[in-house]
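J.: Shown below is the structure under consideration.
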Amino acid sequence: LWRFGYSARLLKTNHFRTAASNTSFPAVWMLLVQYSGRIPGLFVVVKKNSFFTMPETVEDKANLELYSPHPEVRGMTLLNREAFKRTVVVPVVKVKKETVNTLLKSIKHTVLQRPGLKRVVEDPEDEDSRLVILDPHKIPEFSLGESEQEVLKQLNVSPEVSKYNLELTYENFKSEEILRAVLPEGQEVTSGFSRVGHIAHLNLRDHQLPYRHLIGQVIIDKNPGITCVVNKTNIIDSTYRNFQMEVLAGESNLVTKVKENNIAYELDFSKVYWNPRLSTEHGRIVEILKPGDVLFDVFAGIGPFAIPAAKKKCHVFANDLNPESYNWLLHNCKLNKVENKIKAFNMDGRDFLLGPVREELSKGLQVLKEEQKPSFHIVMNLPALAVEFLDVFRHLLVGEPCSTAGLPTVHCYGFSKHDNPAKDIQERAEASLGTSLDGRCSTYLVRNVAPNKEMLCISFQIPADVLYKRPCPDEGEE
């Protein structure tokens, strides 16, 4: 199987390990198809979109019945939870009540391990006994192996394996299993979403749209705390970096609360930009800052860079063009008690750089003595356009720098589909600045946005010959 490139992580999963050890090659192959592409964690994406038709074996059928809802739910668009019921025949052994716990420990690898399903049920024929459900993949022919029989013999338990009708309901199935059973066979299934407070945010494909309301309700049912599910209906291409969305299920309340790096924020998800996958990057930049440093946040949003920087006792100037983002920035400043430490602006990013940033840099870089100088940092988190703003720094200031060590550091974000994304973003930054950054910059891979599309951060000190315009001797006072 290693010839096909399947990772050790896949082979380590409990279900695959136990199933693979007792099934034929076709069944193992079916498991590989079923489980390939699944990434464990909050954001789960099933990438595999093809099925292989293999001869059905007894083990295959047991697997499909135990982990799949009733086949008649295929094509359902309006959720009917009752339709997911099915009865599966599973092996059980009869055990006295007082022996149950000891037996579970002794044959724990043979007992059914299925979240949400009871391993021990009452014996309808004997109130002093219990039925211990065994994994049908381990007991394919309803008979125990010699080692299990020996354990039962030592505990004075009959090794006889009986058949038990186990009823499975909607509650017993995982969201991926439900959606795989409902959507057309062979189509890509997704149960992945971004969580923003009580909101689950989906990016559904075209073939999933007819099932969107069912998908939304399944996500609410299977994820405690989620009370609203939305689907993005267009790309983020507006001036204010928000996008149109449709509420698929649950309440229509899109004002939510989130917590990132131990700081609380409130926002209207339909009107401002918020991406929970950037929390690590927000923390990384704030970690670079020191108390007393100056931060200019050009595209501040609701404040995920600005507010933690202010809490770190930095001097912060935060700007956003979106009036809604600006208002929520002010709100979150008050919420986190840093309203007196942040100067907020509602301007175009270029005007912000040419106005308040130029003014503060002129004062800060010229007046202070070397030992008093803070570090100046300029964060430009607008990946689609930020690199194009770098030309603003050409001759932004007039005069001579007191020291090249105090020149401001820029952290600029961008997307790249290039084979060498670091080289690509550096070359684009150099084109905007009009100078080489070789040996004077660093690039950091923030995250993979889409197949062959990366988000990066390029950090560099603005070269003095770029930032400063040196006055000619014959210009006079002007």
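Convention: chains lettered A, B, ... in structure tokens order; per-chain residue numbering from 1; ligands numbered from 1 as shown.
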For the structure I just gave you, how does DSSP split stretch 197-255 of chain A - specifically, which residues are strand (DSSP E or B)? Reply as a list in words.

T.: Ile199, Ala200, His201, Leu202, Cys228, Val229, Val230, Asn231, Lys232, Met245, Glu246, Val247, Leu248, Ala249, Gly250 and Val255 of chain A

J.: Got a sec to tell me which of stretch 83-159 of chain A DSSP assigns to alpha helix (DSSP H), as an MDAnalysis selection string?

T.: chainID A and resid 100:106 146:154

J.: So that I can check the surroundings of stretch 82-88 of chain A, please list as JSON, numbers by chain every protein, DNA and RNA residue that reaches within 12 Å of it, counting only C-alpha atoms and ignoring chain neighbours fewer than 2 positions away.

T.: {"A": [61, 62, 63, 64, 65, 66, 67, 68, 69, 70, 71, 72, 73, 74, 75, 76, 78, 79, 80, 90, 91, 133, 135, 136, 163, 164, 165, 166, 167, 168, 169, 170, 171, 172, 173, 174, 177, 178, 179, 181, 182]}

J.: Kindly save the residues from that selection, with N, CA and C atoms included, as a CSV table (one decimal), in the first residue's frame.

T.:
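Output contents, as saved in out35.csv:
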chain,number,residue,atom,x,y,z
A,61,LYS,N,-19.8,-5.2,3.5
A,61,LYS,CA,-21.1,-5.0,3.9
A,61,LYS,C,-21.3,-4.6,5.3
A,62,ALA,N,-20.5,-5.3,6.2
A,62,ALA,CA,-20.6,-4.9,7.6
A,62,ALA,C,-20.1,-3.5,7.9
A,63,ASN,N,-19.0,-3.1,7.2
A,63,ASN,CA,-18.5,-1.8,7.3
A,63,ASN,C,-19.5,-0.7,6.8
A,64,LEU,N,-20.1,-1.0,5.7
A,64,LEU,CA,-21.1,0.0,5.1
A,64,LEU,C,-22.3,0.1,6.0
A,65,GLU,N,-22.8,-1.0,6.6
A,65,GLU,CA,-23.9,-0.9,7.4
A,65,GLU,C,-23.7,-0.2,8.7
A,66,LEU,N,-22.5,-0.5,9.3
A,66,LEU,CA,-22.2,0.1,10.6
A,66,LEU,C,-21.9,1.6,10.6
A,67,TYR,N,-21.3,2.0,9.4
A,67,TYR,CA,-20.9,3.4,9.4
A,67,TYR,C,-21.6,4.2,8.3
A,68,SER,N,-22.7,3.7,7.8
A,68,SER,CA,-23.5,4.4,6.8
A,68,SER,C,-24.9,4.4,7.2
A,69,PRO,N,-25.6,5.5,6.9
A,69,PRO,CA,-27.1,5.6,7.2
A,69,PRO,C,-27.8,4.7,6.2
A,70,HIS,N,-29.1,4.7,6.3
A,70,HIS,CA,-29.9,3.9,5.4
A,70,HIS,C,-29.7,4.4,4.0
A,71,PRO,N,-29.6,3.5,3.0
A,71,PRO,CA,-29.3,3.9,1.6
A,71,PRO,C,-30.4,4.7,1.0
A,72,GLU,N,-31.6,4.7,1.5
A,72,GLU,CA,-32.7,5.4,0.9
A,72,GLU,C,-32.6,6.9,1.1
A,73,VAL,N,-31.6,7.4,1.9
A,73,VAL,CA,-31.5,8.8,2.2
A,73,VAL,C,-30.8,9.5,1.0
A,74,ARG,N,-30.2,8.7,0.1
A,74,ARG,CA,-29.5,9.3,-1.1
A,74,ARG,C,-30.4,10.3,-1.8
A,75,GLY,N,-29.9,11.5,-2.0
A,75,GLY,CA,-30.6,12.5,-2.8
A,75,GLY,C,-31.5,13.4,-1.9
A,76,MET,N,-31.6,13.1,-0.6
A,76,MET,CA,-32.4,13.9,0.3
A,76,MET,C,-32.0,15.4,0.3
A,78,LEU,N,-34.2,17.9,2.0
A,78,LEU,CA,-34.9,18.4,3.2
A,78,LEU,C,-34.6,17.3,4.3
A,79,LEU,N,-33.9,17.7,5.3
A,79,LEU,CA,-33.5,16.8,6.3
A,79,LEU,C,-34.7,16.1,7.0
A,80,ASN,N,-34.7,14.7,6.9
A,80,ASN,CA,-35.6,13.9,7.6
A,80,ASN,C,-34.8,12.9,8.5
A,90,VAL,N,-25.0,-7.4,14.9
A,90,VAL,CA,-23.7,-7.3,15.4
A,90,VAL,C,-23.5,-8.5,16.4
A,91,PRO,N,-22.2,-8.9,16.6
A,91,PRO,CA,-22.0,-10.0,17.6
A,91,PRO,C,-22.0,-9.5,19.0
A,133,ILE,N,-21.3,-5.7,23.2
A,133,ILE,CA,-21.3,-5.7,21.8
A,133,ILE,C,-19.8,-5.7,21.3
A,135,ASP,N,-16.9,-5.8,18.0
A,135,ASP,CA,-16.7,-5.2,16.7
A,135,ASP,C,-16.9,-6.2,15.6
A,136,PRO,N,-17.9,-6.0,14.7
A,136,PRO,CA,-18.1,-7.0,13.6
A,136,PRO,C,-16.9,-7.2,12.7
A,163,LYS,N,-26.1,-13.1,18.0
A,163,LYS,CA,-26.4,-12.0,17.1
A,163,LYS,C,-27.4,-11.1,17.8
A,164,TYR,N,-27.1,-9.8,17.6
A,164,TYR,CA,-28.0,-8.8,18.2
A,164,TYR,C,-28.3,-7.7,17.2
A,165,ASN,N,-29.6,-7.3,17.2
A,165,ASN,CA,-30.1,-6.3,16.3
A,165,ASN,C,-29.8,-4.9,16.9
A,166,LEU,N,-28.8,-4.2,16.4
A,166,LEU,CA,-28.4,-2.9,16.9
A,166,LEU,C,-29.1,-1.8,16.0
A,167,GLU,N,-29.9,-1.0,16.6
A,167,GLU,CA,-30.6,0.0,15.9
A,167,GLU,C,-29.7,1.3,15.8
A,168,LEU,N,-29.4,1.8,14.6
A,168,LEU,CA,-28.7,3.0,14.5
A,168,LEU,C,-29.6,4.1,14.0
A,169,THR,N,-29.4,5.3,14.6
A,169,THR,CA,-30.2,6.4,14.3
A,169,THR,C,-29.4,7.6,13.8
A,170,TYR,N,-30.0,8.7,13.4
A,170,TYR,CA,-29.3,9.9,12.9
A,170,TYR,C,-28.3,10.3,13.9
A,171,GLU,N,-28.6,10.2,15.2
A,171,GLU,CA,-27.6,10.7,16.2
A,171,GLU,C,-26.3,9.8,16.2
A,172,ASN,N,-26.4,8.6,15.7
A,172,ASN,CA,-25.2,7.7,15.8
A,172,ASN,C,-24.2,8.0,14.7
A,173,PHE,N,-24.6,8.8,13.6
A,173,PHE,CA,-23.7,8.9,12.5
A,173,PHE,C,-23.0,10.3,12.6
A,174,LYS,N,-21.8,10.3,12.1
A,174,LYS,CA,-21.0,11.5,12.0
A,174,LYS,C,-21.5,12.4,10.8
A,177,GLU,N,-20.4,11.1,7.4
A,177,GLU,CA,-21.1,9.9,7.0
A,177,GLU,C,-22.5,10.2,6.5
A,178,ILE,N,-23.2,11.2,7.2
A,178,ILE,CA,-24.5,11.6,6.8
A,178,ILE,C,-24.4,12.2,5.4
A,179,LEU,N,-23.5,13.2,5.2
A,179,LEU,CA,-23.4,13.9,3.9
A,179,LEU,C,-23.0,13.0,2.8
A,181,ALA,N,-23.7,9.9,2.6
A,181,ALA,CA,-24.9,9.1,2.2
A,181,ALA,C,-25.9,9.8,1.4
A,182,VAL,N,-26.0,11.1,1.6
A,182,VAL,CA,-27.0,12.0,1.0
A,182,VAL,C,-26.6,12.4,-0.4

J.: Leaving out A:Val151 and any residue of its chain fewer than 2 positions from it, which residues lie within 12 Å of it when counting only C-alpha atoms, given as a PDB file with C-alpha atoms, in the first residue's frame?

T.:
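Generated output (result.pdb):
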ATOM      1  CA  THR A 102     -13.323  -6.781  33.937  1.00  0.00           C
ATOM      2  CA  LEU A 103     -14.292  -8.251  30.594  1.00  0.00           C
ATOM      3  CA  LEU A 104     -14.228  -4.845  28.862  1.00  0.00           C
ATOM      4  CA  LYS A 105     -10.666  -4.308  30.019  1.00  0.00           C
ATOM      5  CA  SER A 106      -9.582  -7.799  29.051  1.00  0.00           C
ATOM      6  CA  ILE A 107     -10.897  -7.776  25.458  1.00  0.00           C
ATOM      7  CA  LYS A 108     -11.036  -4.033  24.851  1.00  0.00           C
ATOM      8  CA  THR A 110     -12.415  -6.724  20.363  1.00  0.00           C
ATOM      9  CA  LEU A 144     -14.138 -15.626  18.858  1.00  0.00           C
ATOM     10  CA  GLY A 145     -10.503 -16.406  18.318  1.00  0.00           C
ATOM     11  CA  GLU A 146      -8.566 -18.673  20.641  1.00  0.00           C
ATOM     12  CA  SER A 147      -7.032 -15.838  22.683  1.00  0.00           C
ATOM     13  CA  GLU A 148     -10.439 -14.231  23.338  1.00  0.00           C
ATOM     14  CA  GLN A 149     -11.960 -17.590  24.206  1.00  0.00           C
ATOM     15  CA  LYS A 153     -12.842 -19.004  30.048  1.00  0.00           C
ATOM     16  CA  GLN A 154     -10.758 -17.472  32.843  1.00  0.00           C
ATOM     17  CA  LEU A 155     -13.645 -15.143  33.692  1.00  0.00           C
ATOM     18  CA  ASN A 156     -16.184 -17.983  33.616  1.00  0.00           C
ATOM     19  CA  VAL A 157     -17.947 -16.377  30.667  1.00  0.00           C
ATOM     20  CA  SER A 158     -19.426 -18.473  27.887  1.00  0.00           C
ATOM     21  CA  PRO A 159     -17.485 -17.966  24.615  1.00  0.00           C
TER      22      PRO A 159
END

J.: Using only C-alpha atoms, find the one residue out of A:Arg114, A:Arg284, A:Lys423, A:Lys417 that sits nearest to A:Ala450.

T.: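 Closest candidate: A:Lys417.
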
J.: For atom CA of A:Lys118 and atom CA of A:Val132, determine how far apart the two atoms are, in Å to one decimal place.

T.: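 About the pair atom CA of A:Lys118 and atom CA of A:Val132: they are 9.0 Å apart.
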